[in-house]
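K.L.:
Structure provided below as structure tokens; questions to follow.
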Amino acid sequence: MSPGSSRTRTRNVFEPLSASEVAQPWQSRFGIPEDVFSGYQFFRKAKSIWAISDAPLPRLSFESLGMRIMNIKDRPWKPTTCALQVFGKHATRNLVHLDEEQARLFLEGGTQVIGPDMKLDLAPEPASDSASYQAFDLASDQASDPVSGPMPGYVVVFYRGEVLGCGLYSHGKLISQIPKERRAGEQPGR
């Protein structure tokens with residue numbers, strides 16, 4: 001890299017965000033109360049939202065900061081599996097509870113049909129306030145339909161009361177969003 005090329009790069013800095021800006025889409029999609037996000041600081045860097053404990057930061061340059069909790073490069077925004085494992089236990093909407101066989105398939109990264117006999121949270125979601133989404137340039141989530149099941153989108157996946165991670169519900173199917181490197185049966189270097 002030539003000395004002059006560093007001046008042409010866009011600086012990729014962490015921009016502070018308020019807890020309410022971050023909490024609003026989580027509340028809208030998953031019913032997670034805003035107070036769950038107290039005690040954390042939030043930052044946007046490029047197309048990701050990061051969370052750290054609410055403690056003073058040293059004046060250094062950071063490549064990463066705490067835990068990445070949201071990917072906002074696409075619509076709709078995507079929660080990370082790690083973030084759902086921390087905050088998802090507080091979710092009251094868009095939940096899928098799996099049995100042992102279904103959980104195994106989910107953790108292996110599989111796709112499975114989910115039917116009306118499954119334990120799904122089908123409570124309708126409130127209308128979203130698009131002004132709250134401007135910080136992330138997010139699309140509003142659609143409401144769940146208590147008769148036909150959840151609307152397409154990301155869901156919190158549980159097994160025996162514990163959050164496994166993020167799933168994508170689409171056309172009656174649950175598509176695992178477990179990162180490849182964390183999937184059951186995956187071996188390093190594969």
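Residues are referred to by chain and number: the chain letter is A, B, ... according to the order shown in the structure tokens, the number counts from 1 in that chain, and ligands are numbered separately from 1 in the order shown.
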Do a neighbour search on range 44-60 of chain A at 10 Å with only C-alpha atoms, toss out local chain neighbours closer than 5 positions, and write the hits as a PyMOL selection string.

P.N.:
chain A and resi 11-17+19+22+37-39+65-74+77-80+83+135-136

K.L.:
Per DSSP on the backbone, filter range 33-114 of chain A down to the residues in strand (DSSP E) and report them as a PDB file with N, CA and C atoms, in the first residue's frame.

P.N.:
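Written out: part_17.pdb:
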```pdb
ATOM      1  N   TYR A  40     -25.597  -1.219  28.857  1.00  0.00           N
ATOM      2  CA  TYR A  40     -24.742  -1.449  27.692  1.00  0.00           C
ATOM      3  C   TYR A  40     -24.540  -0.137  26.944  1.00  0.00           C
ATOM      4  N   GLN A  41     -23.441  -0.060  26.210  1.00  0.00           N
ATOM      5  CA  GLN A  41     -23.208   1.005  25.250  1.00  0.00           C
ATOM      6  C   GLN A  41     -23.324   0.381  23.868  1.00  0.00           C
ATOM      7  N   PHE A  42     -23.811   1.151  22.901  1.00  0.00           N
ATOM      8  CA  PHE A  42     -24.011   0.638  21.549  1.00  0.00           C
ATOM      9  C   PHE A  42     -23.309   1.537  20.545  1.00  0.00           C
ATOM     10  N   PHE A  43     -22.769   0.890  19.525  1.00  0.00           N
ATOM     11  CA  PHE A  43     -22.034   1.602  18.490  1.00  0.00           C
ATOM     12  C   PHE A  43     -22.367   1.019  17.127  1.00  0.00           C
ATOM     13  N   ARG A  44     -22.367   1.880  16.136  1.00  0.00           N
ATOM     14  CA  ARG A  44     -22.522   1.442  14.756  1.00  0.00           C
ATOM     15  C   ARG A  44     -21.173   1.593  14.071  1.00  0.00           C
ATOM     16  N   LYS A  45     -20.771   0.565  13.362  1.00  0.00           N
ATOM     17  CA  LYS A  45     -19.573   0.612  12.521  1.00  0.00           C
ATOM     18  C   LYS A  45     -19.930  -0.071  11.219  1.00  0.00           C
ATOM     19  N   SER A  48     -22.851  -2.815  10.910  1.00  0.00           N
ATOM     20  CA  SER A  48     -23.038  -3.645  12.098  1.00  0.00           C
ATOM     21  C   SER A  48     -23.271  -2.767  13.319  1.00  0.00           C
ATOM     22  N   ILE A  49     -24.020  -3.317  14.269  1.00  0.00           N
ATOM     23  CA  ILE A  49     -24.227  -2.683  15.573  1.00  0.00           C
ATOM     24  C   ILE A  49     -23.513  -3.555  16.598  1.00  0.00           C
ATOM     25  N   TRP A  50     -22.764  -2.896  17.472  1.00  0.00           N
ATOM     26  CA  TRP A  50     -21.962  -3.562  18.489  1.00  0.00           C
ATOM     27  C   TRP A  50     -22.441  -3.146  19.876  1.00  0.00           C
ATOM     28  N   ALA A  51     -22.301  -4.049  20.853  1.00  0.00           N
ATOM     29  CA  ALA A  51     -22.676  -3.764  22.243  1.00  0.00           C
ATOM     30  C   ALA A  51     -21.494  -4.085  23.146  1.00  0.00           C
ATOM     31  N   ILE A  52     -21.293  -3.227  24.141  1.00  0.00           N
ATOM     32  CA  ILE A  52     -20.308  -3.483  25.188  1.00  0.00           C
ATOM     33  C   ILE A  52     -20.933  -3.084  26.519  1.00  0.00           C
ATOM     34  N   SER A  53     -20.324  -3.541  27.603  1.00  0.00           N
ATOM     35  CA  SER A  53     -20.821  -3.143  28.916  1.00  0.00           C
ATOM     36  C   SER A  53     -20.659  -1.634  29.063  1.00  0.00           C
ATOM     37  N   MET A  67     -19.436  -7.150  21.442  1.00  0.00           N
ATOM     38  CA  MET A  67     -20.133  -8.200  20.702  1.00  0.00           C
ATOM     39  C   MET A  67     -20.962  -7.578  19.584  1.00  0.00           C
ATOM     40  N   ARG A  68     -20.827  -8.124  18.384  1.00  0.00           N
ATOM     41  CA  ARG A  68     -21.666  -7.666  17.276  1.00  0.00           C
ATOM     42  C   ARG A  68     -23.056  -8.239  17.498  1.00  0.00           C
ATOM     43  N   ILE A  69     -24.072  -7.358  17.535  1.00  0.00           N
ATOM     44  CA  ILE A  69     -25.425  -7.818  17.847  1.00  0.00           C
ATOM     45  C   ILE A  69     -26.397  -7.731  16.674  1.00  0.00           C
ATOM     46  N   MET A  70     -26.082  -6.915  15.675  1.00  0.00           N
ATOM     47  CA  MET A  70     -27.006  -6.738  14.545  1.00  0.00           C
ATOM     48  C   MET A  70     -26.226  -6.516  13.263  1.00  0.00           C
ATOM     49  N   ASN A  71     -26.727  -7.128  12.211  1.00  0.00           N
ATOM     50  CA  ASN A  71     -26.221  -6.866  10.874  1.00  0.00           C
ATOM     51  C   ASN A  71     -27.303  -6.037  10.187  1.00  0.00           C
ATOM     52  N   LYS A  78     -30.697  -8.193  10.731  1.00  0.00           N
ATOM     53  CA  LYS A  78     -30.530  -9.557  11.231  1.00  0.00           C
ATOM     54  C   LYS A  78     -29.852  -9.538  12.596  1.00  0.00           C
ATOM     55  N   PRO A  79     -30.489 -10.166  13.587  1.00  0.00           N
ATOM     56  CA  PRO A  79     -29.829 -10.300  14.887  1.00  0.00           C
ATOM     57  C   PRO A  79     -28.762 -11.389  14.800  1.00  0.00           C
ATOM     58  N   LEU A  95     -41.189 -16.553  18.474  1.00  0.00           N
ATOM     59  CA  LEU A  95     -40.425 -17.611  19.124  1.00  0.00           C
ATOM     60  C   LEU A  95     -40.782 -18.943  18.486  1.00  0.00           C
ATOM     61  N   VAL A  96     -39.814 -19.830  18.383  1.00  0.00           N
ATOM     62  CA  VAL A  96     -40.048 -21.196  17.928  1.00  0.00           C
ATOM     63  C   VAL A  96     -39.391 -22.123  18.937  1.00  0.00           C
ATOM     64  N   HIS A  97     -40.178 -23.063  19.473  1.00  0.00           N
ATOM     65  CA  HIS A  97     -39.669 -24.034  20.437  1.00  0.00           C
ATOM     66  C   HIS A  97     -39.551 -25.378  19.726  1.00  0.00           C
ATOM     67  N   LEU A  98     -38.355 -25.958  19.758  1.00  0.00           N
ATOM     68  CA  LEU A  98     -38.093 -27.208  19.047  1.00  0.00           C
ATOM     69  C   LEU A  98     -37.990 -28.380  20.003  1.00  0.00           C
ATOM     70  N   THR A 111     -32.574 -27.017   7.365  1.00  0.00           N
ATOM     71  CA  THR A 111     -33.867 -26.378   7.115  1.00  0.00           C
ATOM     72  C   THR A 111     -34.939 -27.420   7.387  1.00  0.00           C
ATOM     73  N   GLN A 112     -36.031 -27.000   8.015  1.00  0.00           N
ATOM     74  CA  GLN A 112     -37.105 -27.934   8.336  1.00  0.00           C
ATOM     75  C   GLN A 112     -38.459 -27.261   8.234  1.00  0.00           C
ATOM     76  N   VAL A 113     -39.465 -28.056   7.913  1.00  0.00           N
ATOM     77  CA  VAL A 113     -40.833 -27.560   7.850  1.00  0.00           C
ATOM     78  C   VAL A 113     -41.333 -27.454   9.276  1.00  0.00           C
TER      79      VAL A 113
END
```

K.L.:
If I take CA of Gly185 in chain A and CA of Glu100 in chain A, how far is one from the other in Å, to one decimal?

P.N.:
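Atom-to-atom, CA of Gly185 in chain A to CA of Glu100 in chain A, that is 15.6 Å.
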
K.L.:
Let me make sure I understand: among A:Gly110, A:Gly172, A:Pro25, A:Gly31, which one has the smallest atom-to-atom distance to Val156 in chain A if we use only C-alpha atoms?

P.N.:
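Selected residue with least distance to Val156 in chain A: A:Gly31.
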
K.L.:
Write out as a PyMOL selection string which residues come within 12 Å of Ile175 in chain A when counting only C-alpha atoms, dropping same-chain ones fewer than 5 positions away.

P.N.:
chain A and resi 96+102-103+105-114+152-157+165-170

K.L.:
Could the residues in this selection be saved with N, CA and C atoms as a short mmCIF file (atom, residue, chain, number, x, y, z; two decimals), in the first residue's frame?

P.N.:
```cif
data_model
loop_
_atom_site.label_atom_id
_atom_site.label_comp_id
_atom_site.auth_asym_id
_atom_site.auth_seq_id
_atom_site.Cartn_x
_atom_site.Cartn_y
_atom_site.Cartn_z
N VAL A 96 -39.81 -19.83 18.38
CA VAL A 96 -40.05 -21.20 17.93
C VAL A 96 -39.39 -22.12 18.94
N GLN A 102 -35.61 -31.86 16.23
CA GLN A 102 -35.63 -30.59 15.49
C GLN A 102 -34.47 -29.69 15.90
N ALA A 103 -34.15 -29.67 17.19
CA ALA A 103 -33.03 -28.85 17.68
C ALA A 103 -31.72 -29.34 17.10
N LEU A 105 -31.24 -30.87 14.21
CA LEU A 105 -31.21 -30.44 12.81
C LEU A 105 -30.91 -28.94 12.71
N PHE A 106 -31.52 -28.15 13.58
CA PHE A 106 -31.28 -26.70 13.59
C PHE A 106 -29.81 -26.40 13.88
N LEU A 107 -29.24 -27.06 14.89
CA LEU A 107 -27.85 -26.82 15.26
C LEU A 107 -26.86 -27.32 14.21
N GLU A 108 -27.30 -28.22 13.35
CA GLU A 108 -26.47 -28.69 12.24
C GLU A 108 -26.57 -27.76 11.03
N GLY A 109 -27.43 -26.74 11.13
CA GLY A 109 -27.57 -25.79 10.03
C GLY A 109 -28.65 -26.17 9.03
N GLY A 110 -29.53 -27.07 9.41
CA GLY A 110 -30.55 -27.56 8.49
C GLY A 110 -31.77 -26.67 8.35
N THR A 111 -32.57 -27.02 7.36
CA THR A 111 -33.87 -26.38 7.11
C THR A 111 -34.94 -27.42 7.39
N GLN A 112 -36.03 -27.00 8.02
CA GLN A 112 -37.10 -27.93 8.34
C GLN A 112 -38.46 -27.26 8.23
N VAL A 113 -39.46 -28.06 7.91
CA VAL A 113 -40.83 -27.56 7.85
C VAL A 113 -41.33 -27.45 9.28
N ILE A 114 -41.97 -26.33 9.59
CA ILE A 114 -42.58 -26.19 10.90
C ILE A 114 -44.08 -26.05 10.68
N PRO A 152 -43.09 -13.99 7.64
CA PRO A 152 -41.69 -14.28 7.33
C PRO A 152 -40.75 -13.33 8.07
N GLY A 153 -39.64 -13.87 8.49
CA GLY A 153 -38.64 -13.06 9.17
C GLY A 153 -37.86 -13.87 10.17
N TYR A 154 -37.02 -13.18 10.91
CA TYR A 154 -36.16 -13.84 11.88
C TYR A 154 -36.94 -14.17 13.15
N VAL A 155 -36.63 -15.34 13.72
CA VAL A 155 -37.28 -15.83 14.93
C VAL A 155 -36.23 -16.25 15.94
N VAL A 156 -36.62 -16.25 17.21
CA VAL A 156 -35.76 -16.75 18.28
C VAL A 156 -36.07 -18.23 18.46
N VAL A 157 -35.06 -19.07 18.35
CA VAL A 157 -35.26 -20.52 18.41
C VAL A 157 -34.81 -21.04 19.77
N GLY A 165 -30.51 -19.88 19.08
CA GLY A 165 -30.01 -18.86 18.17
C GLY A 165 -31.08 -18.33 17.26
N CYS A 166 -30.63 -17.84 16.12
CA CYS A 166 -31.49 -17.17 15.15
C CYS A 166 -31.92 -18.14 14.06
N GLY A 167 -33.21 -18.10 13.75
CA GLY A 167 -33.75 -18.84 12.62
C GLY A 167 -34.47 -17.89 11.70
N LEU A 168 -34.62 -18.29 10.46
CA LEU A 168 -35.37 -17.52 9.49
C LEU A 168 -36.61 -18.31 9.13
N TYR A 169 -37.79 -17.74 9.39
CA TYR A 169 -39.04 -18.39 9.05
C TYR A 169 -39.49 -17.87 7.70
N SER A 170 -39.71 -18.78 6.75
CA SER A 170 -40.14 -18.38 5.41
C SER A 170 -40.91 -19.53 4.77
#
```

K.L.:
Would you please extract all helix (DSSP H, G or I) residues from range 60-90 of chain A, as assigned by DSSP on the backbone, and give them as a ChimeraX atom specification?

P.N.:
/A:81-90

K.L.:
Could you work out how far CA of Thr81 in chain A lies from CA of Phe62 in chain A, giving the answer in Å with one decimal?

P.N.:
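For CA of Phe62 in chain A relative to CA of Thr81 in chain A, the distance reads 22.4 Å.
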
K.L.:
Give me the residues near Pro33 in chain A as a PyMOL selection string, where near means some atom within 12 Å (using only C-alpha atoms) and where sequence neighbours in that chain fewer than 4 positions away do not count.

P.N.:
chain A and resi 19-20+22-29+37-38+87-93

K.L.:
To one decimal place, how far is CA of Ile32 in chain A from CA of Leu84 in chain A in Å?

P.N.:
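Distance reported for this atom pair: 10.6 Å.
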